[in-house]
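A.B. asks: Following this line is target16.cif, made up of mmCIF, C-alpha atoms:
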data_upload
loop_
_atom_site.label_atom_id
_atom_site.label_comp_id
_atom_site.auth_asym_id
_atom_site.auth_seq_id
_atom_site.Cartn_x
_atom_site.Cartn_y
_atom_site.Cartn_z
CA MET A 174 -81.66 184.13 79.08
CA THR A 175 -82.92 183.04 75.69
CA HIS A 176 -81.31 183.74 72.39
CA VAL A 177 -83.70 184.04 69.51
CA ALA A 178 -81.85 184.06 66.23
CA PRO A 179 -83.47 186.36 63.69
CA ALA A 180 -84.82 184.49 60.70
CA GLY A 181 -82.21 183.73 58.09
CA GLN A 182 -79.28 184.41 60.43
CA LYS A 183 -76.42 181.93 60.11
CA PRO A 184 -75.81 179.57 63.06
CA GLU A 185 -72.15 180.83 63.46
CA THR A 186 -73.48 184.29 64.19
CA VAL A 187 -75.73 182.90 66.92
CA VAL A 188 -72.78 181.16 68.54
CA GLY A 189 -70.80 184.38 68.30
CA LEU A 190 -73.64 186.27 69.96
CA ILE A 191 -73.82 183.75 72.83
CA LYS A 192 -70.04 183.94 73.31
CA GLN A 193 -70.23 187.69 73.48
CA GLN A 194 -72.97 187.56 76.08
CA ASP A 195 -71.07 184.90 78.08
CA ALA A 196 -68.07 187.19 78.13
CA GLN A 197 -70.27 189.96 79.45
CA ALA A 198 -71.68 187.67 82.11
CA THR A 199 -68.16 186.64 83.19
CA ALA A 200 -67.12 190.25 83.36
CA MET A 201 -70.11 190.86 85.59
CA THR A 202 -69.36 188.09 88.05
CA ASP A 203 -65.89 189.52 88.61
CA VAL A 204 -67.57 192.44 90.29
CA PRO A 205 -70.83 191.05 91.63
CA PRO A 206 -73.72 193.43 91.63
CA ASP A 207 -74.57 192.61 95.19
CA THR A 208 -71.09 193.21 96.54
CA PRO A 209 -71.50 195.48 99.50
CA GLY A 210 -69.34 198.53 99.63
CA PRO A 211 -67.44 199.44 102.74
CA ARG A 212 -69.89 198.82 105.56
CA THR A 213 -70.63 201.12 108.37
CA GLN A 214 -68.12 200.72 111.17
CA PRO A 215 -69.30 197.96 113.53
CA ASP A 216 -70.18 199.24 116.98
CA ASP A 217 -68.42 198.06 120.13
CA ALA A 218 -70.70 195.09 120.71
CA GLN A 219 -70.09 193.90 117.16
CA GLN A 220 -66.35 194.48 117.46
CA ASP A 221 -66.21 191.96 120.27
CA ASP A 222 -66.18 188.56 118.60
CA PHE A 223 -67.40 186.90 121.76
CA ALA A 224 -70.38 189.18 122.38
CA PRO A 225 -73.59 187.15 122.00
CA ARG A 226 -75.47 187.48 118.71
CA HIS A 227 -79.22 187.30 118.40
CA TYR A 228 -79.69 187.36 114.66
CA PRO A 229 -79.93 185.26 112.47
CA ILE A 230 -79.61 182.77 115.32
CA ALA A 231 -79.59 183.37 119.04
CA ASP A 232 -76.25 181.76 119.76
CA GLN A 233 -75.14 180.70 123.21
CA ILE A 234 -71.56 181.70 122.75
CA ALA A 235 -70.66 181.50 126.43
CA ARG A 236 -71.81 177.91 126.59
CA GLN A 237 -70.15 177.11 123.28
CA ARG A 238 -66.87 178.61 124.46
CA ARG A 239 -67.07 176.39 127.51
CA THR A 240 -67.53 173.42 125.18
CA TRP A 241 -64.49 174.45 123.14
CA LYS A 242 -62.53 174.80 126.36
CA HIS A 243 -63.60 171.31 127.41
CA GLU A 244 -62.46 170.00 124.04
CA ARG A 245 -59.01 171.45 124.61
CA ILE A 246 -58.82 170.11 128.16
CA GLY A 247 -60.09 166.76 126.91
CA PHE A 248 -57.33 166.65 124.33
CA VAL A 249 -54.70 167.15 127.03
CA VAL A 250 -56.35 164.38 129.06
CA LEU A 251 -56.19 162.07 126.04
CA LEU A 252 -52.49 162.88 125.58
CA ALA A 253 -51.93 162.00 129.24
CA PHE A 254 -53.89 158.79 128.69
CA ILE A 255 -51.57 157.80 125.84
CA ALA A 256 -48.50 158.65 127.93
CA LEU A 257 -49.82 156.43 130.73
CA ALA A 258 -50.59 153.64 128.26
CA LEU A 259 -47.00 153.86 126.96
CA SER A 260 -45.63 153.76 130.48
CA GLY A 261 -47.55 150.57 131.15
CA LEU A 262 -50.36 151.64 133.47
CA PHE A 263 -52.72 149.59 131.31
CA ALA A 264 -50.48 146.49 131.26
CA GLY A 265 -47.35 145.78 129.25
CA GLY A 266 -44.79 148.44 130.10
CA PRO A 267 -42.14 149.55 132.57
CA LEU A 268 -44.75 150.58 135.17
CA SER A 269 -46.38 147.19 134.96
CA ARG A 270 -43.44 144.78 134.99
CA HIS A 271 -42.38 143.89 138.47
CA ILE A 272 -40.18 141.42 140.27
CA GLY A 273 -41.03 140.37 143.80
CA SER A 274 -38.63 138.41 145.99
CA SER A 275 -38.82 136.73 149.34
CA PRO A 276 -36.54 138.19 152.06
CA GLN A 277 -33.85 135.53 151.55
CA GLN A 278 -34.14 135.76 147.74
CA ARG A 279 -34.98 132.05 147.61
CA LEU A 280 -38.19 132.67 145.73
CA THR A 281 -38.59 135.29 143.00
CA VAL A 282 -41.80 136.07 141.13
CA GLU A 283 -41.72 138.04 137.86
CA TYR A 284 -45.17 139.34 137.07
CA GLU A 285 -47.23 142.18 135.56
CA ARG A 286 -48.86 144.45 138.09
CA PHE A 287 -51.54 145.46 135.60
CA LEU A 288 -53.46 142.95 133.54
CA ARG A 289 -56.41 143.12 131.20
CA ASN A 290 -59.33 140.78 131.40
CA GLY A 291 -59.01 138.16 128.69
CA ALA A 292 -55.49 139.15 127.61
CA SER A 293 -52.79 136.55 128.17
CA SER A 294 -49.88 137.34 130.41
CA ARG A 295 -46.94 135.50 131.90
CA ILE A 296 -45.67 134.81 135.37
CA VAL A 297 -42.26 133.33 136.16
CA LEU A 298 -41.60 131.68 139.51
CA ILE A 299 -37.92 131.10 140.26
CA ALA A 300 -36.90 129.01 143.28
CA ARG A 301 -33.27 128.79 144.44
CA THR A 302 -32.23 125.64 146.23
CA SER A 303 -29.31 123.18 146.20
CA PRO A 304 -28.21 121.76 142.80
CA SER A 305 -30.51 119.14 141.31
CA ALA A 306 -32.70 119.16 144.39
CA ARG A 307 -36.43 118.63 144.23
CA ALA A 308 -38.29 121.91 144.62
CA THR A 309 -41.93 122.23 145.63
CA LEU A 310 -43.76 125.47 144.76
CA ARG A 311 -47.21 126.44 145.93
CA ILE A 312 -49.62 128.97 144.52
CA ASP A 313 -52.70 130.00 146.47
CA GLN A 314 -56.37 129.79 145.71
CA ALA A 315 -56.88 133.52 144.99
CA PHE A 316 -54.51 133.31 142.02
CA LEU A 317 -56.24 130.30 140.50
CA ARG A 318 -59.68 131.82 140.95
CA ALA A 319 -58.70 135.04 139.20
CA HIS A 320 -56.76 133.51 136.31
CA VAL A 321 -57.05 130.64 133.89
CA VAL A 322 -53.67 128.93 133.70
CA GLU A 323 -53.21 128.32 129.99
CA SER A 324 -49.84 126.63 130.10
CA LEU A 325 -47.22 125.51 132.57
CA GLN A 326 -43.59 125.03 131.59
CA PRO A 327 -41.72 122.87 132.35
CA GLN A 328 -44.26 120.18 133.08
CA PRO A 329 -44.04 119.58 136.84
CA LEU A 330 -42.95 116.20 138.14
CA SER A 331 -46.07 116.17 140.23
CA ALA A 332 -49.01 118.46 140.75
CA ARG A 333 -51.71 118.34 143.36
CA SER A 334 -54.31 120.47 144.99
CA HIS A 335 -53.30 122.17 148.19
CA GLU A 336 -55.79 124.17 150.26
CA GLY A 337 -57.67 125.14 147.14
CA GLY A 338 -54.41 126.18 145.47
CA LEU A 339 -51.82 124.28 143.53
CA GLU A 340 -48.69 122.47 144.62
CA LEU A 341 -46.14 121.80 141.90
CA ALA A 342 -42.91 119.87 142.21
CA GLY A 343 -39.93 120.04 139.87
CA GLN A 344 -36.24 119.46 139.81
CA ALA A 345 -33.68 122.26 140.08
CA ASP A 346 -30.80 122.52 137.60
CA GLU A 347 -27.05 122.26 138.34
CA ARG A 348 -27.02 125.80 139.64
CA GLY A 349 -29.85 124.96 141.99
CA GLU A 350 -32.45 127.04 140.16
CA PHE A 351 -35.95 125.91 139.31
CA SER A 352 -37.93 128.21 137.01
CA LEU A 353 -41.60 127.72 136.30
CA TYR A 354 -43.24 129.66 133.47
CA LEU A 355 -46.98 130.15 133.62
CA THR A 356 -49.09 131.61 130.85
CA ILE A 357 -52.22 133.03 132.43
CA ARG A 358 -55.43 134.57 131.15
CA PRO A 359 -57.08 136.88 133.71
CA ASP A 360 -60.71 135.98 134.16
CA GLY A 361 -61.75 138.30 136.98
CA ILE A 362 -61.76 142.07 137.41
CA GLY A 363 -60.14 144.21 140.08
CA LEU A 364 -57.41 143.70 142.64
CA VAL A 365 -56.06 140.20 143.19
CA ARG A 366 -53.66 139.44 146.02
CA SER A 367 -51.91 136.16 145.40
CA THR A 368 -49.22 134.33 147.32
CA ALA A 369 -46.56 131.92 146.14
CA TRP A 370 -44.57 129.71 148.52
CA PHE A 371 -41.32 127.87 148.28
CA GLU A 372 -40.56 125.91 151.41
CA GLY A 373 -40.62 128.52 154.19
CA ASP A 374 -40.41 131.54 151.89
CA SER A 375 -43.38 133.33 150.42
CA VAL A 376 -43.96 136.20 148.00
CA VAL A 377 -47.22 138.15 148.00
CA PHE A 378 -47.93 139.80 144.67
CA THR A 379 -50.80 142.12 143.95
CA GLN A 380 -52.21 142.50 140.46
CA PHE A 381 -54.92 144.73 139.10
CA ILE A 382 -57.10 143.38 136.31
CA TYR A 383 -58.75 145.92 134.01
CA PRO A 384 -62.15 145.06 132.55
CA MET B 814 -75.29 141.26 132.51
CA ASP B 815 -71.79 141.42 131.12
CA ALA B 816 -72.96 142.33 127.61
CA VAL B 817 -75.19 145.18 128.82
CA LEU B 818 -72.36 146.68 130.86
CA ARG B 819 -69.94 146.34 127.96
CA ALA B 820 -72.31 148.05 125.53
CA THR B 821 -73.08 150.85 127.99
CA ALA B 822 -69.40 151.43 128.74
CA ILE B 823 -68.47 151.53 125.05
CA TYR B 824 -71.37 153.86 124.22
CA LEU B 825 -70.44 156.34 126.94
CA ALA B 826 -66.72 156.14 126.16
CA LEU B 827 -67.29 156.78 122.45
CA LEU B 828 -69.71 159.61 123.24
CA ALA B 829 -67.09 161.29 125.44
CA LEU B 830 -64.27 160.71 122.94
CA PHE B 831 -66.16 162.07 119.96
CA LYS B 832 -67.23 165.02 122.09
CA ILE B 833 -63.57 165.77 122.77
CA ALA B 834 -62.69 165.25 119.12
CA GLY B 835 -65.10 168.07 118.30
CA ARG B 836 -67.76 168.31 115.66
CA ARG B 837 -65.62 169.56 112.80
CA THR B 838 -63.70 166.31 112.72
CA LEU B 839 -66.55 164.31 111.31
CA ALA B 840 -68.26 167.05 109.35
CA ASP B 841 -66.44 166.56 106.07
CA ILE B 842 -65.58 162.91 105.85
CA SER B 843 -62.50 162.35 103.72
CA ASN B 844 -61.30 158.95 102.57
CA PHE B 845 -58.93 158.79 105.48
CA ASP B 846 -61.64 159.71 107.98
CA LEU B 847 -63.77 156.88 106.65
CA LEU B 848 -60.86 154.49 107.06
CA LEU B 849 -60.32 155.75 110.60
CA LEU B 850 -63.98 155.18 111.43
CA LEU B 851 -63.78 151.64 110.13
CA ILE B 852 -60.71 150.97 112.27
CA ILE B 853 -62.45 152.42 115.32
CA GLY B 854 -65.39 150.12 114.57
CA GLU B 855 -63.08 147.12 114.36
CA ALA B 856 -61.38 147.98 117.64
CA THR B 857 -64.75 148.46 119.33
CA GLN B 858 -66.24 145.24 118.05
CA GLN B 859 -63.92 143.01 120.07
CA ALA B 860 -64.60 144.88 123.29
CA LEU B 861 -68.34 144.83 122.64
CA LEU B 862 -68.65 141.12 122.03
CA GLY B 863 -65.75 139.74 124.05
CA ASP B 864 -65.25 136.06 123.33
CA ASP B 865 -68.96 135.39 123.11
CA PHE B 866 -70.02 135.25 119.47
CA SER B 867 -73.51 133.91 120.14
CA LEU B 868 -76.62 135.35 118.57
CA THR B 869 -78.02 136.14 122.01
CA ASN B 870 -74.99 138.20 122.96
CA ALA B 871 -75.14 140.16 119.70
CA LEU B 872 -78.84 140.85 120.29
CA ILE B 873 -78.26 141.99 123.87
CA VAL B 874 -75.52 144.37 122.73
CA ILE B 875 -77.57 145.80 119.86
CA VAL B 876 -80.71 146.24 121.97
CA THR B 877 -78.69 147.93 124.73
CA LEU B 878 -77.10 150.37 122.27
CA ILE B 879 -80.43 151.26 120.69
CA VAL B 880 -82.15 151.68 124.06
CA ILE B 881 -79.39 154.01 125.31
CA ASP B 882 -79.52 156.00 122.08
CA VAL B 883 -83.30 156.40 122.09
CA GLY B 884 -83.32 157.05 125.83
CA LEU B 885 -80.72 159.75 125.43
CA SER B 886 -82.77 161.40 122.69
CA PHE B 887 -85.76 161.52 125.08
CA VAL B 888 -83.57 163.04 127.77
CA LYS B 889 -82.22 165.62 125.30
CA LEU B 890 -85.76 166.50 124.27
CA ARG B 891 -86.83 166.96 127.89
CA PHE B 892 -83.77 168.80 129.17
CA ALA B 893 -82.44 171.52 126.87
CA ARG B 894 -79.28 171.87 128.94
CA ILE B 895 -78.28 168.28 128.37
CA ASP B 896 -79.02 168.70 124.68
CA THR B 897 -76.64 171.65 124.40
CA LEU B 898 -74.10 169.76 126.49
CA ILE B 899 -74.11 166.78 124.17
CA GLU B 900 -74.95 168.36 120.84
CA GLY B 901 -73.41 171.80 121.31
CA THR B 902 -75.00 174.94 119.90
CA SER B 903 -75.00 176.66 116.55
CA THR B 904 -72.53 179.51 116.38
CA LEU B 905 -72.33 182.56 114.18
CA ILE B 906 -68.87 182.80 112.60
CA VAL B 907 -69.28 185.46 109.88
CA GLU B 908 -71.27 188.63 110.38
CA ASP B 909 -71.83 191.14 107.55
CA GLY B 910 -68.89 189.77 105.60
CA ARG B 911 -66.58 190.00 108.60
CA PRO B 912 -65.23 186.71 109.94
CA LEU B 913 -65.33 186.55 113.75
CA LYS B 914 -61.70 185.56 114.02
CA LYS B 915 -61.58 184.80 117.74
CA ARG B 916 -64.52 182.43 117.42
CA LEU B 917 -62.90 180.77 114.43
CA ARG B 918 -59.69 180.20 116.35
CA GLU B 919 -61.49 178.54 119.25
CA ALA B 920 -63.58 176.44 116.88
CA ARG B 921 -60.36 175.30 115.13
CA LEU B 922 -61.59 176.73 111.82
CA ARG B 923 -59.83 178.83 109.18
CA GLU B 924 -61.35 181.43 106.92
CA GLU B 925 -60.47 179.05 104.10
CA ASP B 926 -62.97 176.53 105.52
CA ILE B 927 -65.74 179.12 105.37
CA LEU B 928 -64.86 180.07 101.81
CA LEU B 929 -64.87 176.40 100.84
CA ALA B 930 -68.38 176.03 102.25
CA ALA B 931 -69.40 179.26 100.49
CA ARG B 932 -68.13 178.00 97.14
CA GLN B 933 -69.72 174.59 97.55
CA SER B 934 -73.11 175.63 98.78
CA GLN B 935 -73.67 179.09 97.26
CA GLY B 936 -71.03 179.52 94.57
CA LEU B 937 -69.66 182.57 96.33
CA GLU B 938 -66.11 183.73 95.85
CA GLN B 939 -65.27 186.19 98.56
CA MET B 940 -65.83 186.69 102.25
CA ARG B 941 -67.59 190.03 101.68
CA GLN B 942 -70.33 188.30 99.70
CA ILE B 943 -71.29 186.34 102.82
CA LYS B 944 -73.85 187.98 105.04
CA TYR B 945 -73.83 185.34 107.73
CA ALA B 946 -72.01 182.06 108.17
CA ILE B 947 -73.08 179.71 110.92
CA LEU B 948 -71.24 176.72 112.32
CA GLU B 949 -74.10 174.32 112.86
CA LYS B 950 -74.50 171.69 115.57
CA ASN B 951 -73.70 168.94 113.10
CA GLY B 952 -70.36 170.56 112.20
CA LYS B 953 -71.45 171.86 108.81
CA ILE B 954 -71.11 175.51 107.87
CA SER B 955 -74.26 177.25 106.61
CA ILE B 956 -73.74 180.25 104.37
CA ILE B 957 -76.32 183.02 104.04
CA PRO B 958 -75.36 185.36 101.16
CA TYR B 959 -76.50 188.92 100.68
CA SER B 960 -79.73 188.86 98.78
CA SER B 961 -79.07 190.06 95.24
CA GLY B 962 -80.93 193.05 94.02
#
Before we go any further, please render this structure as structure tokens.

C.D. replies:
Amino acid sequence: MTHVAPAGQKPETVVGLIKQQDAQATAMTDVPPDTPGPRTQPDDAQQDDFAPRHYPIADQIARQRRTWKHERIGFVVLLAFIALALSGLFAGGPLSRHIGSSPQQRLTVEYERFLRNGASSRIVLIARTSPSARATLRIDQAFLRAHVVESLQPQPLSARSHEGGLELAGQADERGEFSLYLTIRPDGIGLVRSTAWFEGDSVVFTQFIYP
Amino acid sequence: MDAVLRATAIYLALLALFKIAGRRTLADISNFDLLLLLIIGEATQQALLGDDFSLTNALIVIVTLIVIDVGLSFVKLRFARIDTLIEGTSTLIVEDGRPLKKRLREARLREEDILLAARQSQGLEQMRQIKYAILEKNGKISIIPYSSG
């Protein structure tokens, strides 16, 4: 819209004219000219929101509804995933922590049943013997092949290879207990069945390493 | 071998997760969404590279990701079914000024979202000014107004 001020007209009048026209324009947008009146009643096919439409696009509503359904199912699956993660199915939780003992309780192994590749974990071997006695613990080859032993506490009095595994000797305390703390970093993937021995007793512990 | 498997696993996992998240989630990126994406990127990065920060490893991972992405686009082009499975379809959500409420509910949309799109793209004020509104594959809402005149 152009406003041509008649010759000799003062600028204020022009502004006034524009304002007046603006007001008219605003009044017009309140009730748009193209506002449709009450439409004809939609027929049955249109009433049904899920009936397929062909114009302006041919939508595949059945397929899309299936997608939306999958999204909802997927969300429930994700919630379950989080619940399992909290419970320790993916390492570090009540489901994962486990204590295995030999029948006579002379050897106890505290370990995580679920581990993640590359994430450090801890294993505690506790041997019960007579006070201040020398205790010799053995760990088998499978364990050492699946994990990198990052630290060993306390430092054993002696350590040597034994059938591809490790033999560690230490001294028990006054109560006759010898605890060995190992920090391990899983290097493999999948199930690992390891065995620990203390004199005649053995504990088999199975761990699962996630990728 | 390790790097290729890692990249493939992450690609497929992210594809599935973002499919579950739905397309609306990333349609209008707010500040927080951007932050969330950055955090997801950070979390992914470690799993992608592992403890190998070599140039070769980075190249293997990048090439794998690109090859899967391009390969998937070929597959989508060839098989329409897979395309609709991954990309979804466009859906009509307003017809002759009437919002299709059941569709909106399943698409996790409110009428307010349509009106927002109508204001932003067409400067429309009311639902009855909208002839058609379409929820597009990319999560955006297209508004087709009644032609004036």

A.B. asks: Need to verify the contact set: stretch 228-233 of chain A, 8 Å, all atoms listed in the file, exclusion of same-chain residues closer than 5 positions in sequence. Can you return it as a ChimeraX atom specification?

C.D. replies: /B:902-905,945

A.B. asks: Given the choices A:His320, A:Arg333, A:Arg238, A:Arg286, which gets closest to chain B if the distance is worked out from all atoms listed in the file?

C.D. replies: A:Arg238

A.B. asks: How many Å lie between atom CA of A:Arg301 and atom CA of A:Ser375, rounded to one decimal?

C.D. replies: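 Spanning atom CA of A:Arg301 to atom CA of A:Ser375 is a straight-line distance of 12.6 Å.
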
A.B. asks: Mind telling me what the PyMOL selection byres ((chain B) within 8 of (chain A)) catches here, as a PyMOL selection string?

C.D. replies: chain B and resi 832-835+898+901-905+913-916+919-920+941-942+945+959-962

A.B. asks: Name the closest residue to A:Glu283 among the candidates A:Ala319, A:Ser352, A:Phe371, A:Ala306; distances are taken between atoms, counting only C-alpha atoms.

C.D. replies: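 Closest residue, counting only C-alpha atoms: A:Ser352.
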
A.B. asks: If the PyMOL selection byres ((chain A and resi 367) around 6) is run on the structure shown, which residues does it catch, given as a list of chain:residue names?

C.D. replies: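 In the shown coordinates, the PyMOL selection byres ((chain A and resi 367) around 6) covers A:Ala315, A:Phe316, A:Arg366, A:Thr368, A:Val377, A:Phe378.
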
A.B. asks: Mind pulling up the distance from atom CA of A:Val282 to atom CA of A:Val365?

C.D. replies: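 These atoms are spaced 15.0 Å apart.
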
A.B. asks: In Å to one decimal, how far is atom CA of A:Tyr383 from atom CA of B:Ile881?

C.D. replies: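 Taking atom CA of B:Ile881 as the start and atom CA of A:Tyr383 as the end point, the length is 23.8 Å.
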
A.B. asks: Could you add the missing atoms to stretch 282-307 of chain A, up to N, CA and C atoms, and return them as a JSON list (two decimals), keeping the file's coordinate frame?

C.D. replies:
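out00.json, written as the output of this step:
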[["chain", "number", "residue", "atom", "x", "y", "z"],
["A", 282, "VAL", "N", -40.63, 136.12, 142.03],
["A", 282, "VAL", "CA", -41.80, 136.07, 141.13],
["A", 282, "VAL", "C", -41.72, 137.25, 140.17],
["A", 283, "GLU", "N", -41.67, 136.97, 138.88],
["A", 283, "GLU", "CA", -41.72, 138.04, 137.86],
["A", 283, "GLU", "C", -43.15, 138.09, 137.34],
["A", 284, "TYR", "N", -43.76, 139.26, 137.47],
["A", 284, "TYR", "CA", -45.17, 139.34, 137.07],
["A", 284, "TYR", "C", -45.50, 140.73, 136.57],
["A", 285, "GLU", "N", -46.71, 140.87, 136.01],
["A", 285, "GLU", "CA", -47.23, 142.18, 135.56],
["A", 285, "GLU", "C", -48.17, 142.68, 136.65],
["A", 286, "ARG", "N", -47.98, 143.92, 137.06],
["A", 286, "ARG", "CA", -48.86, 144.45, 138.09],
["A", 286, "ARG", "C", -50.24, 144.79, 137.52],
["A", 287, "PHE", "N", -50.26, 145.11, 136.24],
["A", 287, "PHE", "CA", -51.54, 145.46, 135.60],
["A", 287, "PHE", "C", -51.84, 144.45, 134.50],
["A", 288, "LEU", "N", -53.05, 143.94, 134.53],
["A", 288, "LEU", "CA", -53.46, 142.95, 133.54],
["A", 288, "LEU", "C", -54.78, 143.39, 132.96],
["A", 289, "ARG", "N", -55.11, 142.83, 131.80],
["A", 289, "ARG", "CA", -56.41, 143.12, 131.20],
["A", 289, "ARG", "C", -57.20, 141.84, 131.09],
["A", 290, "ASN", "N", -58.46, 141.95, 131.45],
["A", 290, "ASN", "CA", -59.33, 140.78, 131.40],
["A", 290, "ASN", "C", -59.30, 140.15, 130.00],
["A", 291, "GLY", "N", -58.99, 138.87, 129.97],
["A", 291, "GLY", "CA", -59.01, 138.16, 128.69],
["A", 291, "GLY", "C", -57.71, 138.22, 127.90],
["A", 292, "ALA", "N", -56.75, 139.04, 128.35],
["A", 292, "ALA", "CA", -55.49, 139.15, 127.61],
["A", 292, "ALA", "C", -54.42, 138.33, 128.32],
["A", 293, "SER", "N", -53.77, 137.45, 127.57],
["A", 293, "SER", "CA", -52.79, 136.55, 128.17],
["A", 293, "SER", "C", -51.62, 137.32, 128.76],
["A", 294, "SER", "N", -51.06, 136.75, 129.79],
["A", 294, "SER", "CA", -49.88, 137.34, 130.41],
["A", 294, "SER", "C", -49.00, 136.19, 130.90],
["A", 295, "ARG", "N", -47.86, 136.55, 131.47],
["A", 295, "ARG", "CA", -46.94, 135.50, 131.90],
["A", 295, "ARG", "C", -46.44, 135.78, 133.30],
["A", 296, "ILE", "N", -46.24, 134.70, 134.02],
["A", 296, "ILE", "CA", -45.67, 134.81, 135.37],
["A", 296, "ILE", "C", -44.53, 133.81, 135.46],
["A", 297, "VAL", "N", -43.40, 134.24, 136.00],
["A", 297, "VAL", "CA", -42.26, 133.33, 136.16],
["A", 297, "VAL", "C", -41.96, 133.20, 137.65],
["A", 298, "LEU", "N", -41.96, 131.96, 138.12],
["A", 298, "LEU", "CA", -41.60, 131.68, 139.51],
["A", 298, "LEU", "C", -40.20, 131.07, 139.49],
["A", 299, "ILE", "N", -39.28, 131.65, 140.23],
["A", 299, "ILE", "CA", -37.92, 131.10, 140.26],
["A", 299, "ILE", "C", -37.57, 130.75, 141.71],
["A", 300, "ALA", "N", -37.27, 129.47, 141.93],
["A", 300, "ALA", "CA", -36.90, 129.01, 143.28],
["A", 300, "ALA", "C", -35.41, 128.70, 143.28],
["A", 301, "ARG", "N", -34.71, 129.08, 144.34],
["A", 301, "ARG", "CA", -33.27, 128.79, 144.44],
["A", 301, "ARG", "C", -33.06, 127.81, 145.60],
["A", 302, "THR", "N", -32.45, 126.69, 145.23],
["A", 302, "THR", "CA", -32.23, 125.64, 146.23],
["A", 302, "THR", "C", -30.88, 124.98, 145.91],
["A", 303, "SER", "N", -30.60, 123.83, 146.49],
["A", 303, "SER", "CA", -29.31, 123.18, 146.20],
["A", 303, "SER", "C", -29.37, 122.50, 144.84],
["A", 304, "PRO", "N", -28.22, 122.32, 144.16],
["A", 304, "PRO", "CA", -28.21, 121.76, 142.80],
["A", 304, "PRO", "C", -28.95, 120.43, 142.71],
["A", 305, "SER", "N", -29.75, 120.34, 141.64],
["A", 305, "SER", "CA", -30.51, 119.14, 141.31],
["A", 305, "SER", "C", -31.49, 118.67, 142.39],
["A", 306, "ALA", "N", -31.77, 119.55, 143.33],
["A", 306, "ALA", "CA", -32.70, 119.16, 144.39],
["A", 306, "ALA", "C", -34.13, 119.24, 143.88],
["A", 307, "ARG", "N", -35.01, 118.57, 144.58],
["A", 307, "ARG", "CA", -36.43, 118.63, 144.23],
["A", 307, "ARG", "C", -37.03, 119.87, 144.89]]
